[in-house]
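Enquirer: This is the structure I want to talk about, given as structure tokens.
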Amino acid sequence: MKKLKLGLIGCGGRAGAHMNSFEKMSDVEVVAVADPIEERRNGAAKRFGCSSVFKDHTELFNSEAARGIDALVIAVEPTAHTDIEERAIELGLPFLTEKPMTLDRAQAQRIAAAVKEKGLITSVGFQDRYLDLMEIIKAELPKHRAGGLVYGAWVGGIPGVWWWQKKSTCGGQLLEQNIHLLDGLRYLYGEALSIYATASRGMIVPGRDASAEYDTDDHSTAVIRFQNNVTATLVSGCYSKDVRPRCGLYITLDDMILDYRLRNNLIITTATETRDIKRGVDQTYLLDRAFVDAVMTGDASLIRSDYCDAVKSLELAFAANESMESGKVIYF
Ligand SMILES: NC(=O)c1ccc[n+]([C@@H]2O[C@H](COP(=O)([O-])OP(=O)(O)OC[C@H]3O[C@@H](n4cnc5c(N)ncnc54)[C@H](O)[C@@H]3O)[C@@H](O)[C@H]2O)c1
């Protein structure tokens with residue numbers, strides 16, 4: 001069987017989850033890895049027995065090894081994308097890249113236009129689209145009267161990566177982390193009509209609760225209107241220390257409540273019954289498998305969020321940030 005030859009750009013935390021997937025796939029071979037952190041690139045290379053090891057994406061793209069790669073998986077911090085996707089497009093290499101794909105709005109639009117023009121297979125790491133629980137919600141919604149309120153939340157602590165401490169390097173929690181639920185709302189309800197968002201700082205004291213340079217929002221609230229009378233309120237918070245507030249989506253229909261508890265379970269309540277459905281899949285594995293299968297077969301329809309679609313979620317997050325700054329409602 002011909003194996004798909006993958007290159008990994010970025011060998012940090014999220015790349016580890018992708019590596020777990022590829023380790024389980026007998027038709028995939030990781031043939032090249034790149035990361036400025038020696039320990040990380042060597043660790044990844046050792047895991048897959050690969051000898052093409054590079055200190056960054058430029059070294060990888062300029063190497064002979066680049067010619068032997070069928071597709072790329074890009075998992076670098078939000079500000080490190082520089083020309084990674086552009087170089088992949090030049091070489092005609094399909095890629096799976098992590099959200100948020102960049103903090104540069106213009107760059108995101110340029111890349112989307114270029115992949116569209118080239119007809120390149122791309123995927124973005126919106127893992128929740130591959131969840132069985134999300135599929136159940138998506139199938140259930142059309143069976144009910146349109147409209148209703150949705151409450152969404154992602155409230156927890158500050159992630160450990162250095163780049164999360166500053167809004168200029170992470171984009172803020174809504175854009176970096178809660179973009180998963182924002183994208184989930186788009187997946188369920190289509191394009192937003194408007195967004196209004198507020199943000200607050202002052203709970204977390206830099207140098208005490210976070211590093212001295214911490215300057216991102218402690219929490220934010222976005223109100224998003226969708227077609228068919230749906231309004232969602234999405235809260236994000238990173239100030240929690242010793243408690244774990246509930247995260248997920250709470251969807252109130254006229255005759256049903258869909259209580260989606262983030263990546264864990266879905267409680268469906270009607271007048272006559274309550275069902276609790278546990279997550280039954282490894283959604284990151286399914287995300288990776290869909291990308292591999294799409295590249296191997298040329299069937300892009302297997303991908304639930306390609307770059308061009310993901311840009312719409314990223315744009316919605318940028319609009320929320322804009323609204324936090326201006327205090328204005330952004331209409332689309
Ligand atoms: N889809 C998801 O569920 C999910 C989960 C976690 C993180 N993420 C996203 O994945 C991305 C990476 O997050 P992370 O937690 O792995 O961060 P990380 O800091 O742990 O890893 C990023 C790695 O990229 C490397 N890197 C930077 N520039 C590079 C370059 N030019 N060439 C090669 N490697 C380079 C860094 O040295 C680092 O090891 C972020 O955008 C994050 O939002 C997605």
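Ordering of the structure tokens sets the chain letters (A, B, ...); residue numbers start at 1 within each chain; ligands are numbered from 1 in the order shown.
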Give me the residues near Tyr214 of chain A as an MDAnalysis selection string, where near means some atom within 8 Å (using only C-alpha atoms) and where sequence neighbours in that chain fewer than 3 positions away do not count.
Expert: chainID A and resid 165:166 206:207 210:211
Enquirer: Set out as CSV a contact list for chain A and ligand 1 with a cut-off of 9 Å, giving each residue of chain A that qualifies its closest atom pair and distance in Å to one decimal, counting only C-alpha atoms and all ligand atoms, ordered by chain and rising residue number.
Expert:
```
residue,atom,partner,partner_atom_place_in_ligand_line,distance
A:Leu8,CA,ligand 1,33 (C),8.0
A:Ile9,CA,ligand 1,33 (C),4.5
A:Gly10,CA,ligand 1,34 (N),3.5
A:Cys11,CA,ligand 1,39 (O),5.0
A:Gly12,CA,ligand 1,21 (O),3.4
A:Gly13,CA,ligand 1,16 (O),3.7
A:Arg14,CA,ligand 1,16 (O),3.6
A:Ala15,CA,ligand 1,16 (O),5.5
A:Gly16,CA,ligand 1,16 (O),7.5
A:Ala17,CA,ligand 1,5 (C),8.2
A:Val33,CA,ligand 1,33 (C),8.0
A:Ala34,CA,ligand 1,33 (C),4.7
A:Asp35,CA,ligand 1,34 (N),3.5
A:Pro36,CA,ligand 1,37 (O),4.8
A:Ile37,CA,ligand 1,37 (O),5.1
A:Glu38,CA,ligand 1,37 (O),8.6
A:Arg40,CA,ligand 1,39 (O),6.4
A:Arg41,CA,ligand 1,39 (O),8.0
A:Phe54,CA,ligand 1,33 (C),7.9
A:Lys55,CA,ligand 1,33 (C),6.7
A:Asp56,CA,ligand 1,32 (N),3.6
A:His57,CA,ligand 1,32 (N),4.1
A:Thr58,CA,ligand 1,31 (N),7.0
A:Glu59,CA,ligand 1,32 (N),8.5
A:Leu60,CA,ligand 1,32 (N),8.4
A:Ile74,CA,ligand 1,33 (C),8.0
A:Ala75,CA,ligand 1,12 (C),4.6
A:Val76,CA,ligand 1,24 (O),3.5
A:Glu77,CA,ligand 1,40 (C),4.4
A:Pro78,CA,ligand 1,41 (O),4.5
A:Thr79,CA,ligand 1,41 (O),8.2
A:Ala80,CA,ligand 1,28 (N),4.9
A:His81,CA,ligand 1,31 (N),6.8
A:Thr82,CA,ligand 1,31 (N),7.4
A:Asp83,CA,ligand 1,31 (N),8.6
A:Ile84,CA,ligand 1,31 (N),7.3
A:Thr97,CA,ligand 1,10 (O),8.1
A:Glu98,CA,ligand 1,10 (O),4.9
A:Lys99,CA,ligand 1,41 (O),5.1
A:Pro100,CA,ligand 1,41 (O),5.2
A:Met101,CA,ligand 1,41 (O),6.5
A:Thr102,CA,ligand 1,41 (O),7.8
A:Val124,CA,ligand 1,1 (N),7.8
A:Gly125,CA,ligand 1,1 (N),4.3
A:Phe126,CA,ligand 1,1 (N),5.4
A:Gln127,CA,ligand 1,1 (N),5.7
A:Asp128,CA,ligand 1,3 (O),7.9
A:Pro159,CA,ligand 1,15 (O),8.4
A:Gly160,CA,ligand 1,15 (O),8.3
A:Val161,CA,ligand 1,19 (O),5.4
A:Trp162,CA,ligand 1,19 (O),7.0
A:Trp163,CA,ligand 1,19 (O),7.1
A:Trp164,CA,ligand 1,19 (O),9.0
A:Cys170,CA,ligand 1,43 (O),7.6
A:Leu175,CA,ligand 1,43 (O),8.8
A:Glu176,CA,ligand 1,43 (O),5.3
A:Gln177,CA,ligand 1,43 (O),6.5
A:His180,CA,ligand 1,3 (O),7.5
A:Thr284,CA,ligand 1,3 (O),7.6
```
Enquirer: Out of A:Ser326, A:Lys167, A:Ile303, A:Thr274, which residue has the shortest atom-to-atom distance to Asp288 of chain A when counting only C-alpha atoms?
Expert: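 Nearest candidate to Asp288 of chain A out of A:Ser326, A:Lys167, A:Ile303, A:Thr274: A:Ile303.
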Enquirer: With distances taken over only C-alpha atoms, which residue among A:Arg289, A:Glu86, A:Arg129, A:Gly7 lies nearest Gln109 of chain A?
Expert: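 Using only C-alpha atoms, the shortest distance to Gln109 of chain A belongs to A:Glu86.
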Enquirer: Enumerate the residues of segment 91-213 of chain A with a DSSP assignment of strand (DSSP E or B), computed from the backbone, and present them as JSON, numbers by chain.
Expert: {"A": [95, 96, 97, 122, 123, 124, 148, 149, 150, 151, 152, 153, 154, 155, 192, 193, 194, 195, 196, 197, 198, 199, 200, 206, 210]}
Enquirer: Convert the current residue selection to file output with N, CA and C atoms, as a short mmCIF file (atom, residue, chain, number, x, y, z; two decimals), in the first residue's frame.
Expert:
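What landed in selection_24.cif:
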```cif
data_model
loop_
_atom_site.label_atom_id
_atom_site.label_comp_id
_atom_site.auth_asym_id
_atom_site.auth_seq_id
_atom_site.Cartn_x
_atom_site.Cartn_y
_atom_site.Cartn_z
N PHE A 95 -2.49 21.07 2.99
CA PHE A 95 -2.10 21.23 4.40
C PHE A 95 -3.29 21.26 5.33
N LEU A 96 -3.01 20.76 6.54
CA LEU A 96 -3.93 20.91 7.66
C LEU A 96 -3.25 21.89 8.59
N THR A 97 -3.92 23.00 8.87
CA THR A 97 -3.31 23.99 9.75
C THR A 97 -4.21 24.22 10.96
N THR A 122 -7.28 21.58 1.82
CA THR A 122 -6.82 22.14 3.10
C THR A 122 -7.80 21.72 4.19
N SER A 123 -7.31 21.79 5.42
CA SER A 123 -8.18 21.52 6.55
C SER A 123 -7.73 22.39 7.71
N VAL A 124 -8.66 22.78 8.57
CA VAL A 124 -8.31 23.57 9.76
C VAL A 124 -8.80 22.79 10.98
N GLY A 148 -34.63 30.55 18.91
CA GLY A 148 -34.34 30.23 20.29
C GLY A 148 -33.03 30.82 20.75
N LEU A 149 -32.78 30.58 22.03
CA LEU A 149 -31.59 31.15 22.65
C LEU A 149 -30.54 30.07 22.88
N VAL A 150 -29.29 30.47 22.70
CA VAL A 150 -28.17 29.56 22.93
C VAL A 150 -27.21 30.25 23.90
N TYR A 151 -26.82 29.53 24.94
CA TYR A 151 -25.81 30.06 25.85
C TYR A 151 -24.57 29.20 25.68
N GLY A 152 -23.45 29.85 25.38
CA GLY A 152 -22.21 29.09 25.21
C GLY A 152 -21.16 29.60 26.17
N ALA A 153 -20.32 28.69 26.65
CA ALA A 153 -19.29 29.12 27.61
C ALA A 153 -18.01 28.30 27.47
N TRP A 154 -16.88 29.01 27.59
CA TRP A 154 -15.58 28.35 27.74
C TRP A 154 -14.85 29.15 28.82
N VAL A 155 -14.96 28.67 30.04
CA VAL A 155 -14.36 29.38 31.17
C VAL A 155 -13.43 28.43 31.91
N ALA A 192 -23.44 34.47 10.67
CA ALA A 192 -24.01 35.42 11.64
C ALA A 192 -24.52 36.67 10.93
N LEU A 193 -25.52 37.30 11.56
CA LEU A 193 -26.04 38.57 11.05
C LEU A 193 -25.33 39.75 11.70
N SER A 194 -24.99 39.56 12.98
CA SER A 194 -24.31 40.64 13.70
C SER A 194 -23.60 40.07 14.93
N ILE A 195 -22.64 40.83 15.42
CA ILE A 195 -21.95 40.43 16.66
C ILE A 195 -21.65 41.69 17.47
N TYR A 196 -21.81 41.56 18.77
CA TYR A 196 -21.45 42.63 19.70
C TYR A 196 -20.71 41.96 20.84
N ALA A 197 -19.60 42.55 21.27
CA ALA A 197 -18.83 41.89 22.33
C ALA A 197 -18.25 42.90 23.30
N THR A 198 -18.12 42.47 24.54
CA THR A 198 -17.46 43.28 25.58
C THR A 198 -16.33 42.46 26.16
N ALA A 199 -15.36 43.13 26.75
CA ALA A 199 -14.26 42.41 27.40
C ALA A 199 -13.91 43.11 28.70
N SER A 200 -13.32 42.34 29.61
CA SER A 200 -12.99 42.91 30.91
C SER A 200 -11.62 42.45 31.38
N PRO A 206 -1.18 40.72 36.71
CA PRO A 206 0.08 40.27 36.09
C PRO A 206 1.19 40.17 37.13
N ALA A 210 -0.44 35.59 36.73
CA ALA A 210 0.03 35.28 35.37
C ALA A 210 1.42 35.87 35.25
#
```
Enquirer: Report as a VMD selection string all protein, DNA and RNA residues lying within 10 Å of Gly280 of chain A, evaluated on only C-alpha atoms, omitting residues in the same chain fewer than 3 positions from it.
Expert: chain A and resid 131 to 133 263 to 265 277 283
Enquirer: Just checking: using only C-alpha atoms, which residue out of A:Ala317, A:Val295, A:Ile204, A:Leu181 ends up closest to Tyr260 of chain A?
Expert: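 The closest residue to Tyr260 of chain A is A:Leu181.
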Enquirer: If you run DSSP on the backbone here, which positions in segment 266-297 of chain A get helix (DSSP H, G or I)? Please write them as a ChimeraX atom specification.
Expert: /A:283-297
Enquirer: Given the selection you just returned, output its residues as a file containing C-alpha atoms, formatted as a short mmCIF file (atom, residue, chain, number, x, y, z; two decimals), in the first residue's frame.
Expert:
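In the end it all went to selection-v2.cif:
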```cif
data_model
loop_
_atom_site.label_atom_id
_atom_site.label_comp_id
_atom_site.auth_asym_id
_atom_site.auth_seq_id
_atom_site.Cartn_x
_atom_site.Cartn_y
_atom_site.Cartn_z
CA GLN A 283 -12.55 13.78 17.23
CA THR A 284 -8.94 14.81 16.60
CA TYR A 285 -8.27 11.38 15.13
CA LEU A 286 -11.32 11.80 12.87
CA LEU A 287 -10.16 15.28 11.84
CA ASP A 288 -6.73 13.91 10.92
CA ARG A 289 -8.18 10.83 9.22
CA ALA A 290 -10.52 12.96 7.11
CA PHE A 291 -7.56 15.06 5.95
CA VAL A 292 -5.45 12.00 5.11
CA ASP A 293 -8.34 10.36 3.25
CA ALA A 294 -9.14 13.56 1.38
CA VAL A 295 -5.53 13.91 0.21
CA MET A 296 -5.28 10.22 -0.72
CA THR A 297 -8.56 10.13 -2.65
#
```
Enquirer: Using only C-alpha atoms, find the one residue out of A:Ile267, A:Leu262, A:Cys50, A:Ala32 that sits nearest to Ala71 of chain A.
Expert: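 Using only C-alpha atoms, the shortest distance to Ala71 of chain A belongs to A:Ala32.
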